[in-house]
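Printed here is protein-v1.txt (compact mmCIF, C-alpha atoms and all ligand atoms):
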```txt
# COMPACT_ATOMS: atom_id res chain seq x y z
CA MET T 1 71.22 -93.66 182.27
CA ASN T 2 70.71 -92.47 185.81
CA ARG T 3 67.55 -94.05 187.16
CA LEU T 4 66.01 -90.89 188.50
CA LEU T 5 66.44 -89.20 185.15
CA THR T 6 64.89 -92.18 183.37
CA VAL T 7 61.91 -92.11 185.70
CA SER T 8 61.33 -88.40 185.25
CA LEU T 9 61.66 -88.75 181.49
CA TYR T 10 58.98 -91.42 181.52
CA ALA T 11 56.88 -89.25 183.77
CA MET T 12 57.18 -86.42 181.27
CA LEU T 13 56.42 -88.63 178.31
CA PHE T 14 53.36 -90.19 179.83
CA ALA T 15 52.10 -87.24 181.82
CA ALA T 16 49.54 -86.62 179.09
CA GLY T 17 48.08 -90.11 179.62
CA PRO T 18 48.13 -93.12 177.32
CA ALA T 19 49.11 -92.93 173.65
CA PRO T 20 46.54 -90.70 171.96
CA ALA T 21 44.01 -92.32 169.67
CA GLU T 22 43.90 -91.25 166.03
CA GLN T 23 40.90 -89.04 166.69
CA HIS T 24 42.70 -87.23 169.47
CA HIS T 25 45.60 -86.74 167.15
CA GLU T 26 43.36 -85.07 164.57
CA GLN T 27 41.71 -82.89 167.16
CA GLY T 28 45.12 -81.86 168.43
CA ASP T 29 46.14 -80.95 164.89
CA GLN T 30 43.03 -78.89 164.42
CA GLN T 31 43.66 -77.07 167.67
CA GLY T 32 47.26 -76.40 166.69
CA MET T 33 46.26 -75.18 163.24
CA THR T 34 43.56 -72.98 164.79
CA ARG T 35 46.14 -71.39 167.04
CA GLN T 36 48.43 -70.71 164.08
CA ALA T 37 45.58 -69.36 161.94
CA ARG T 38 44.43 -67.12 164.81
CA GLN T 39 47.94 -65.72 165.02
CA VAL T 40 48.15 -65.04 161.27
CA ALA T 41 44.71 -63.37 161.25
CA GLY T 42 45.66 -61.33 164.32
CA ASP T 43 48.86 -60.25 162.63
CA LEU T 44 46.96 -59.05 159.54
CA ILE T 45 44.38 -57.20 161.65
CA LYS T 46 47.05 -55.52 163.76
CA LYS T 47 49.20 -54.43 160.81
CA LEU T 48 46.19 -53.15 158.90
CA GLY T 49 44.85 -51.30 161.92
CA SER T 50 48.11 -49.45 162.50
CA ALA T 51 48.61 -48.70 158.79
CA LEU T 52 45.07 -47.33 158.68
CA LYS T 53 45.49 -45.15 161.77
CA GLN T 54 48.81 -43.85 160.50
CA ALA T 55 47.38 -43.02 157.07
CA LEU T 56 44.30 -41.36 158.60
CA SER T 57 46.47 -39.04 160.67
CA ASP T 58 49.06 -38.43 157.92
CA SER T 59 46.83 -37.88 154.92
CA GLY T 60 43.22 -37.92 156.11
CA PRO T 61 40.45 -40.35 155.14
CA GLU T 62 40.85 -39.77 151.40
CA GLY T 63 44.52 -40.71 151.53
CA ALA T 64 43.76 -43.66 153.79
CA ILE T 65 41.55 -45.19 151.10
CA SER T 66 44.74 -46.30 149.36
CA VAL T 67 45.81 -48.16 152.52
CA CYS T 68 42.68 -50.26 152.29
CA ARG T 69 42.95 -50.55 148.53
CA ASP T 70 46.63 -51.44 148.26
CA THR T 71 48.10 -52.25 151.66
CA ALA T 72 45.36 -54.65 152.76
CA PRO T 73 45.63 -57.00 149.75
CA GLU T 74 49.45 -56.68 149.79
CA LEU T 75 49.63 -57.70 153.44
CA ALA T 76 47.30 -60.62 152.81
CA VAL T 77 49.38 -61.77 149.84
CA SER T 78 52.64 -61.56 151.75
CA LEU T 79 51.13 -63.53 154.66
CA SER T 80 49.91 -66.11 152.14
CA ARG T 81 53.42 -66.36 150.74
CA GLU T 82 54.99 -66.72 154.19
CA THR T 83 52.58 -69.39 155.38
CA GLY T 84 51.65 -71.20 152.15
CA TRP T 85 47.96 -70.74 153.08
CA LYS T 86 45.40 -68.60 151.35
CA VAL T 87 44.80 -65.50 153.46
CA SER T 88 42.28 -62.82 152.47
CA ARG T 89 39.34 -60.67 153.56
CA VAL T 90 35.76 -61.28 152.53
CA SER T 91 32.35 -59.74 153.14
CA LEU T 92 28.68 -60.45 152.39
CA ARG T 93 28.60 -56.86 151.06
CA PRO T 94 32.01 -56.47 149.45
CA ARG T 95 33.47 -53.19 148.34
CA ASN T 96 35.92 -54.88 146.02
CA PRO T 97 33.99 -57.65 144.24
CA LEU T 98 37.21 -59.08 142.77
CA ILE T 99 38.88 -59.92 146.09
CA GLY T 100 36.16 -59.60 148.71
CA GLN T 101 33.61 -62.09 147.37
CA PRO T 102 33.04 -65.01 149.79
CA ASP T 103 32.51 -68.61 148.58
CA ALA T 104 29.52 -70.68 149.76
CA TRP T 105 31.23 -71.90 152.94
CA GLU T 106 32.38 -68.38 153.83
CA GLN T 107 28.89 -66.99 153.23
CA LYS T 108 27.43 -69.49 155.70
CA VAL T 109 30.00 -68.57 158.36
CA LEU T 110 29.50 -64.84 157.75
CA ARG T 111 25.73 -65.26 158.20
CA ASN T 112 26.37 -67.00 161.53
CA PHE T 113 28.62 -64.11 162.56
CA ASP T 114 25.82 -61.67 161.66
CA GLU T 115 23.39 -63.63 163.80
CA ALA T 116 25.77 -63.53 166.74
CA ALA T 117 26.18 -59.76 166.34
CA ALA T 118 22.41 -59.26 166.02
CA ALA T 119 21.94 -61.25 169.24
CA ALA T 120 24.37 -58.79 170.85
CA ARG T 121 26.84 -61.53 171.67
CA ASN T 122 30.45 -60.47 172.19
CA THR T 123 31.93 -60.22 168.71
CA THR T 124 35.51 -59.33 169.54
CA GLN T 125 36.65 -62.97 169.65
CA LEU T 126 34.18 -64.31 167.09
CA GLU T 127 35.84 -67.00 164.96
CA HIS T 128 35.07 -70.29 163.27
CA THR T 129 37.27 -73.23 162.38
CA GLU T 130 36.40 -76.39 160.47
CA ILE T 131 37.92 -79.25 158.48
CA VAL T 132 36.13 -79.06 155.13
CA PRO T 133 36.18 -81.81 152.49
CA GLU T 134 36.08 -80.29 149.00
CA PRO T 135 36.08 -82.10 145.65
CA ASP T 136 39.86 -81.82 145.12
CA ALA T 137 41.18 -82.00 148.68
CA THR T 138 40.46 -81.63 152.36
CA TYR T 139 41.03 -78.16 153.77
CA PHE T 140 41.49 -76.61 157.16
CA ARG T 141 39.46 -73.42 157.14
CA TYR T 142 39.39 -70.55 159.61
CA MET T 143 37.52 -67.25 159.80
CA LYS T 144 37.85 -64.34 162.19
CA ALA T 145 35.03 -61.76 162.28
CA LEU T 146 35.82 -58.08 161.72
CA PRO T 147 33.37 -56.02 163.78
CA VAL T 148 32.70 -52.44 162.68
CA LYS T 149 34.45 -50.00 164.99
CA PRO T 150 33.82 -46.23 165.06
CA LEU T 151 37.02 -45.80 162.99
CA CYS T 152 35.54 -47.88 160.15
CA LEU T 153 32.50 -45.60 159.77
CA THR T 154 34.47 -42.94 157.87
CA CYS T 155 34.52 -45.29 154.90
CA HIS T 156 31.87 -47.94 155.65
CA GLY T 157 29.22 -45.98 157.54
CA THR T 158 26.19 -43.95 156.50
CA GLU T 159 25.79 -40.62 154.72
CA ARG T 160 26.17 -38.97 158.09
CA THR T 161 29.57 -40.48 158.86
CA ILE T 162 31.25 -40.61 155.42
CA PRO T 163 32.68 -37.20 154.47
CA ASP T 164 31.71 -35.98 150.98
CA PRO T 165 35.20 -36.18 149.42
CA VAL T 166 35.56 -39.76 150.69
CA ARG T 167 32.20 -40.74 149.23
CA ALA T 168 33.15 -39.18 145.88
CA ARG T 169 36.46 -41.03 145.81
CA LEU T 170 34.82 -44.34 146.77
CA GLN T 171 32.18 -43.97 144.07
CA GLN T 172 34.89 -43.32 141.54
CA GLU T 173 37.12 -46.25 142.54
CA TYR T 174 34.41 -48.75 143.49
CA PRO T 175 31.36 -48.21 141.28
CA LYS T 176 29.91 -51.50 142.58
CA ASP T 177 30.57 -50.66 146.26
CA ARG T 178 28.17 -52.46 148.62
CA ALA T 179 30.20 -51.80 151.76
CA THR T 180 28.45 -48.72 153.17
CA GLY T 181 25.53 -48.26 155.54
CA TYR T 182 27.12 -50.10 158.45
CA TYR T 183 26.74 -49.24 162.13
CA ALA T 184 29.29 -49.82 164.89
CA GLY T 185 28.97 -53.34 166.27
CA GLN T 186 27.83 -54.97 163.04
CA ILE T 187 30.11 -57.44 161.24
CA ARG T 188 31.89 -55.85 158.27
CA GLY T 189 33.42 -59.11 157.08
CA ALA T 190 36.13 -61.52 158.09
CA VAL T 191 39.70 -62.56 157.65
CA THR T 192 39.58 -65.96 155.99
CA ILE T 193 42.33 -68.58 155.92
CA LYS T 194 42.37 -71.75 153.86
CA ARG T 195 45.01 -74.44 154.24
CA ARG T 196 45.17 -77.51 152.02
CA LEU T 197 45.61 -80.71 154.03
CA GLU T 198 45.51 -83.69 151.69
CA ALA T 199 44.26 -84.59 148.26
CA THR T 200 41.04 -86.59 148.00
CA ASN T 201 41.58 -89.91 146.24
C1 LIG X 1 39.95 -44.87 154.75
C2 LIG X 1 38.81 -45.64 154.37
C3 LIG X 1 38.55 -46.96 155.05
C4 LIG X 1 38.48 -47.21 156.41
C5 LIG X 1 38.66 -46.20 157.55
C6 LIG X 1 38.17 -48.61 156.54
N1 LIG X 1 38.06 -49.21 155.30
FE1 LIG X 1 37.64 -51.15 154.91
N2 LIG X 1 37.83 -50.85 152.95
C7 LIG X 1 38.15 -49.64 152.35
C8 LIG X 1 38.42 -49.84 150.96
C9 LIG X 1 38.81 -48.76 149.95
C10 LIG X 1 38.24 -51.23 150.71
C11 LIG X 1 38.42 -51.99 149.40
C12 LIG X 1 39.79 -52.65 149.40
C13 LIG X 1 40.13 -53.37 148.14
O1 LIG X 1 40.06 -52.76 147.05
O2 LIG X 1 40.47 -54.57 148.22
C14 LIG X 1 37.89 -51.83 151.99
C15 LIG X 1 37.66 -53.18 152.15
C16 LIG X 1 37.41 -53.78 153.35
C17 LIG X 1 37.20 -55.21 153.52
C18 LIG X 1 37.37 -56.31 152.46
C19 LIG X 1 36.09 -56.79 151.88
C20 LIG X 1 35.48 -55.80 150.93
O3 LIG X 1 34.48 -55.19 151.32
O4 LIG X 1 35.98 -55.62 149.80
C21 LIG X 1 36.96 -55.41 154.85
C22 LIG X 1 36.66 -56.73 155.52
C23 LIG X 1 37.04 -54.10 155.50
N3 LIG X 1 37.30 -53.14 154.56
C24 LIG X 1 36.85 -53.90 156.83
C25 LIG X 1 37.11 -52.69 157.48
C26 LIG X 1 37.06 -52.53 158.93
C27 LIG X 1 36.67 -53.61 159.90
C28 LIG X 1 37.41 -51.23 159.18
C29 LIG X 1 37.61 -50.58 160.53
C30 LIG X 1 38.54 -51.23 161.42
C31 LIG X 1 37.67 -50.59 157.90
N4 LIG X 1 37.48 -51.51 156.89
C32 LIG X 1 38.03 -49.26 157.74
C33 LIG X 1 38.23 -48.40 153.00
C34 LIG X 1 38.28 -48.23 154.38
```
Write-out of the structure in structure tokens:
Amino acid sequence: MNRLLTVSLYAMLFAAGPAPAEQHHEQGDQQGMTRQARQVAGDLIKKLGSALKQALSDSGPEGAISVCRDTAPELAVSLSRETGWKVSRVSLRPRNPLIGQPDAWEQKVLRNFDEAAAAARNTTQLEHTEIVPEPDATYFRYMKALPVKPLCLTCHGTERTIPDPVRARLQQEYPKDRATGYYAGQIRGAVTIKRRLEATN
């Protein structure tokens, strides 16, 4: 091989410094997984946002309820299928108790998100990532906060912001609804992603 090429290849290979220690390797993995998870969560948020806006303008808030009811879980399921990870949405005050109920780890992260919002910290990029050992396996876990925007108040706000027909429809479809009474800037919930890494021996 041409010497110059060999030298530049070596330069490229070792530009990052000496061979990374195991710990560095794990940190690198976590960073890489965080980037991927952020992308998947962003994808879900973007698709949901545009489906919601479309439905609101096509069929009004009552019609848009079905976007949240059907499209949101469908999108999450198809992303789970594509990635092999568990992707869903959770909240400390879920509307749909069957899908939206957070586990203990998610509750802790959601409470931290609430504290950040209460302290008026910037919530637009609020996320949390952690390697979590569980009884059956070790998991990579990621959560991205979903701040309440003015658009959300039509279905998650107060009596003043939720139109009567929407409230009636919500009461009918979600008799256990806890997801009203929010103000813009609070945290409505989060996209949560769980990826199995390796079984615990
Ligand atoms: C047109 C009405 C409507 C609007 C607007 C709306 N939602 Fe929802 N939202 C719902 C419904 C209905 C559900 C229950 C979905 C289900 O059955 O899984 C829901 C569920 C959720 C959940 C899942 C957890 C839970 O409570 O069950 C999150 C998180 C959420 N909404 C966040 C938002 C955010 C953030 C916005 C604004 C960007 C928003 N929603 C706007 C109607 C709406």
Could you put an axis-aligned box around every listed atom of ligand LIG 1 (chain X), padded by 5 Å on each side, and send me its centre and edge lengths in Å to one decimal, as AutoDock Vina command-line options?
```
--center_x 37.5 --center_y -50.8 --center_z 154.2 --size_x 16.0 --size_y 21.9 --size_z 24.4
```
Quiz item: Do you know which residues are within 6 Å of ligand LIG 1 (chain X) using all atoms listed in the file? Can you write them as a count of residues only?
Solution: 26
Quiz prompt | Residue with smallest distance to His156 (chain T) - pool T:Arg93, T:Glu115, T:Arg141, T:Val191, counting all atoms listed in the file | solution =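 Looking at the shortest contact to His156 (chain T), the residue is T:Arg93.
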Practice problem: Write out as a ChimeraX atom specification each polymer residue whose atoms come within 12 Å of region 119-135 of chain T, counting all atoms listed in the file; drop sequence neighbours fewer than 2 positions from it. | Solution: /T:26-27,29-38,41-42,104-106,108-117,137-149,184-201
Quiz item: Can you tell me, as a list in words, what residues are no more than 12 Å from Glu74 (chain T) when counting only C-alpha atoms, ignoring any on the same chain fewer than 3 positions away?
Solution: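 In the requested format, the answer is Leu44, Lys47, Leu48, Ser66, Val67, Cys68, Arg69, Asp70, Thr71, Val77, Ser78, Leu79, Ser80, Arg81, Val87, Ser88, Arg89 and Ile99 of chain T.
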Quiz item: How many Å separate CA of Pro163 (chain T) from CA of Lys46 (chain T)?
Solution: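 Rounded to one decimal, the two atoms are 25.1 Å apart.
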